[in-house]
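Trainee: Structure below; questions to follow.
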Amino acid sequence: MTIEEQIMSTEYKGSCLCGQVRYLVAGPIEDVSHCHCSMCRKAHGAAFATYANVPAAAHRFVQGGERLRVFNSSGHTERVFCSVCGSPMLWRNPVEFPGIASFPLGSLDTPFRPPVERHIFVGSKAVWHQISDAWPQSQ
């Protein structure tokens, strides 16, 4: 399969840094956001975290599920990570966003080019980072 065919795929594979946790997304990835909130910045150690949102039924862990740990960062928000290497693997809030699974786009092993991106919580973005693209922004 060529890179272009992989980019157009509707099945995506991803993993953590150490490779012990692996997941599969069966279906299209349509919603990609760059979250600038302080919790995402701390969880990722970066200026922002880039997440793809898919129906929860489309995302499943296929290896290393026993290595996953959950941290409740606020309210009903759960951050799922690999207990071996610390890689963020999933973000979910079943109360406010039922049926949605958000995974870090950087954990994908399958090439993917988002059709649409957006910046969220830019009101609390890192002061040392300047957003320099034309994607929509919300506070």
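Please note that chains go A, B, ... in the order of the structure tokens, that every chain numbers its residues from 1, and that ligands are numbered from 1 in the order shown.
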Neighbouring residues of stretch 54-61 of chain A were defined as those with any atom within 6 Å, considering only C-alpha atoms; residues of the same chain fewer than 6 positions away were excluded. Please report them as a PyMOL selection string.
Mentor: chain A and resi 22-26+99-101
Trainee: Please produce an output containing all heavy atoms for each residue in the selection, written as a compact mmCIF listing (two decimals), in the first residue's frame.
Mentor:
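Resulting contents of part36.txt:
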```
# COMPACT_ATOMS: atom_id res chain seq x y z
N ARG A 22 -1.12 -0.98 21.90
CA ARG A 22 -1.48 -0.71 20.51
C ARG A 22 -3.00 -0.57 20.39
O ARG A 22 -3.73 -1.22 21.13
CB ARG A 22 -0.98 -1.83 19.59
CG ARG A 22 0.53 -1.96 19.60
CD ARG A 22 1.03 -2.94 18.55
NE ARG A 22 2.48 -3.02 18.60
CZ ARG A 22 3.31 -2.13 18.05
NH1 ARG A 22 2.81 -1.10 17.41
NH2 ARG A 22 4.61 -2.27 18.15
N TYR A 23 -3.42 0.26 19.46
CA TYR A 23 -4.85 0.44 19.24
C TYR A 23 -5.18 0.47 17.76
O TYR A 23 -4.30 0.60 16.91
CB TYR A 23 -5.37 1.71 19.93
CG TYR A 23 -4.82 3.01 19.36
CD1 TYR A 23 -5.43 3.65 18.29
CD2 TYR A 23 -3.68 3.59 19.91
CE1 TYR A 23 -4.93 4.83 17.78
CE2 TYR A 23 -3.18 4.77 19.42
CZ TYR A 23 -3.81 5.39 18.35
OH TYR A 23 -3.30 6.56 17.84
N LEU A 24 -6.45 0.34 17.48
CA LEU A 24 -6.97 0.34 16.12
C LEU A 24 -8.16 1.30 16.08
O LEU A 24 -9.00 1.28 16.98
CB LEU A 24 -7.42 -1.07 15.73
CG LEU A 24 -8.04 -1.24 14.36
CD1 LEU A 24 -7.00 -1.06 13.27
CD2 LEU A 24 -8.68 -2.62 14.25
N VAL A 25 -8.23 2.11 15.05
CA VAL A 25 -9.38 2.96 14.79
C VAL A 25 -9.99 2.48 13.48
O VAL A 25 -9.33 2.52 12.44
CB VAL A 25 -9.00 4.46 14.68
CG1 VAL A 25 -10.21 5.29 14.28
CG2 VAL A 25 -8.42 4.95 15.99
N ALA A 26 -11.21 1.99 13.55
CA ALA A 26 -11.91 1.47 12.38
C ALA A 26 -12.95 2.49 11.94
O ALA A 26 -14.03 2.56 12.50
CB ALA A 26 -12.55 0.13 12.70
N GLY A 99 -19.87 8.70 24.17
CA GLY A 99 -19.68 8.03 22.88
C GLY A 99 -18.53 8.54 22.05
O GLY A 99 -18.40 8.17 20.89
N ILE A 100 -17.67 9.38 22.63
CA ILE A 100 -16.52 9.94 21.89
C ILE A 100 -15.22 9.47 22.52
O ILE A 100 -15.07 9.47 23.74
CB ILE A 100 -16.56 11.49 21.91
CG1 ILE A 100 -17.83 12.02 21.26
CG2 ILE A 100 -15.31 12.08 21.24
CD1 ILE A 100 -17.97 11.70 19.79
N ALA A 101 -14.29 9.07 21.69
CA ALA A 101 -12.93 8.74 22.12
C ALA A 101 -11.99 9.71 21.44
O ALA A 101 -12.08 9.92 20.23
CB ALA A 101 -12.57 7.31 21.75
```
Trainee: For stretch 101-122 of chain A versus stretch 92-96 of chain A, which residues have an atom no more than 12 Å away, and what is each residue's nearest atom pair and distance in Å rounded to one decimal, using only C-alpha atoms, chain-then-number order, as a tab-separated table?
Mentor:
```
residue	atom	partner	partner_atom	distance
A:Ala101	CA	A:Arg92	CA	5.6
A:Ser102	CA	A:Arg92	CA	6.2
A:Phe103	CA	A:Arg92	CA	8.7
A:Pro104	CA	A:Arg92	CA	11.5
```
Trainee: Mind listing the alpha helix (DSSP H) residues of stretch 38-87 of chain A, per DSSP on the backbone, as a PyMOL selection string?
Mentor: chain A and resi 38-44
Trainee: Can those selected residues be exported to a file as a PDB file, in the first residue's frame so that it contains N, CA and C atoms?
Mentor:
```pdb
ATOM      1  N   SER A  38      -4.390  24.300  29.819  1.00  0.00           N
ATOM      2  CA  SER A  38      -3.224  24.033  30.670  1.00  0.00           C
ATOM      3  C   SER A  38      -3.080  22.551  31.004  1.00  0.00           C
ATOM      4  N   MET A  39      -4.186  21.827  31.122  1.00  0.00           N
ATOM      5  CA  MET A  39      -4.089  20.394  31.443  1.00  0.00           C
ATOM      6  C   MET A  39      -3.488  19.602  30.282  1.00  0.00           C
ATOM      7  N   CYS A  40      -3.895  19.896  29.074  1.00  0.00           N
ATOM      8  CA  CYS A  40      -3.319  19.199  27.914  1.00  0.00           C
ATOM      9  C   CYS A  40      -1.850  19.561  27.753  1.00  0.00           C
ATOM     10  N   ARG A  41      -1.507  20.823  27.988  1.00  0.00           N
ATOM     11  CA  ARG A  41      -0.100  21.213  27.899  1.00  0.00           C
ATOM     12  C   ARG A  41       0.733  20.420  28.900  1.00  0.00           C
ATOM     13  N   LYS A  42       0.251  20.297  30.131  1.00  0.00           N
ATOM     14  CA  LYS A  42       1.000  19.544  31.154  1.00  0.00           C
ATOM     15  C   LYS A  42       1.039  18.051  30.831  1.00  0.00           C
ATOM     16  N   ALA A  43      -0.072  17.487  30.402  1.00  0.00           N
ATOM     17  CA  ALA A  43      -0.131  16.051  30.105  1.00  0.00           C
ATOM     18  C   ALA A  43       0.801  15.670  28.955  1.00  0.00           C
ATOM     19  N   HIS A  44       1.016  16.586  28.019  1.00  0.00           N
ATOM     20  CA  HIS A  44       1.845  16.291  26.854  1.00  0.00           C
ATOM     21  C   HIS A  44       3.224  16.938  26.925  1.00  0.00           C
TER      22      HIS A  44
END
```
Trainee: Within 10 Å of A:Pro114, counting only C-alpha atoms, which residues show up once you throw out same-chain ones fewer than 3 positions away? Write them as a list in words, please.
Mentor: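 In the requested form, the answer reads Ile7, Ile29, Glu30, Asp31, Val32, Ser33, Ala52, Leu105 and Glu117 of chain A.
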Trainee: How would the residues just picked look written out with C-alpha atoms as a short mmCIF file (atom, residue, chain, number, x, y, z; two decimals), in the first residue's frame?
Mentor:
```
data_model
loop_
_atom_site.label_atom_id
_atom_site.label_comp_id
_atom_site.auth_asym_id
_atom_site.auth_seq_id
_atom_site.Cartn_x
_atom_site.Cartn_y
_atom_site.Cartn_z
CA ILE A 7 -3.48 8.41 4.24
CA ILE A 29 -11.08 10.43 11.41
CA GLU A 30 -12.99 13.66 10.85
CA ASP A 31 -12.42 15.91 13.87
CA VAL A 32 -8.91 17.08 14.78
CA SER A 33 -8.20 19.76 17.36
CA ALA A 52 -8.49 13.20 16.90
CA LEU A 105 -2.80 12.17 16.77
CA GLU A 117 -8.07 21.22 12.04
#
```
Trainee: From the set A:Val80, A:Cys35, A:Ser73, A:Gly86, which residue has the shortest atom-to-atom contact distance to A:Gly123, counting only C-alpha atoms?
Mentor: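 Of A:Val80, A:Cys35, A:Ser73, A:Gly86, the one nearest A:Gly123 is A:Cys35, counting only C-alpha atoms.
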Trainee: Can you work out the spacing between atom CA of A:Arg69 and atom CA of A:Gly27 in Å, to one decimal?
Mentor: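 Interatomic distance here is 25.1 Å.
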Trainee: Taking only C-alpha atoms into account, which of A:Leu68, A:Gly106, A:Glu11, A:Val127 comes nearest A:Cys85?
Mentor: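 Among A:Leu68, A:Gly106, A:Glu11, A:Val127, it is A:Leu68 that comes nearest to A:Cys85.
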Trainee: With distances taken over only C-alpha atoms, which of A:Cys18, A:Leu90, A:Ala134, A:Val84 is nearest to A:His119?
Mentor: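 Closest candidate: A:Ala134.
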Trainee: Just want the 7 Å neighbourhood of stretch 107-109 of chain A, counted on only C-alpha atoms, with same-chain residues fewer than 3 positions away dropped. Output as a list in words.
Mentor: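 Result of the neighbour search: Lys13, Gly14, Ser15, Cys16 and Pro104 of chain A.
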Trainee: Using only C-alpha atoms, can you tell me which of A:Tyr12, A:Asp133, A:Gln139, A:Arg67 comes closest to A:Cys37?
Mentor: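 Of A:Tyr12, A:Asp133, A:Gln139, A:Arg67, the one nearest A:Cys37, counting only C-alpha atoms, is A:Gln139.
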Trainee: Please report the interatomic distance between atom CA of A:Arg118 and atom CA of A:Ser138 in Å with one decimal.
Mentor: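 Going from atom CA of A:Arg118 over to atom CA of A:Ser138, I get 8.1 Å.
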Trainee: Enter the distance from atom CA of A:Ile120 to atom CA of A:Pro136, in Å, rounded to one decimal.
Mentor: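 About the pair atom CA of A:Ile120 and atom CA of A:Pro136: they are 8.5 Å apart.
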Trainee: Give the answer as one residue: which of A:Trp135, A:Phe112, A:Phe71, A:Phe48 has the shortest atom-to-atom distance to A:Thr10, using only C-alpha atoms?
Mentor: A:Phe112
Trainee: Enumerate as a PyMOL selection string all residues of chain A assigned to strand (DSSP E) by DSSP on the backbone, naming them with the chain letters and numbers the document uses.
Mentor: chain A and resi 11-15+22-26+31-35+49-55+59-63+68-74+77-82+88-92+100-104+117-120
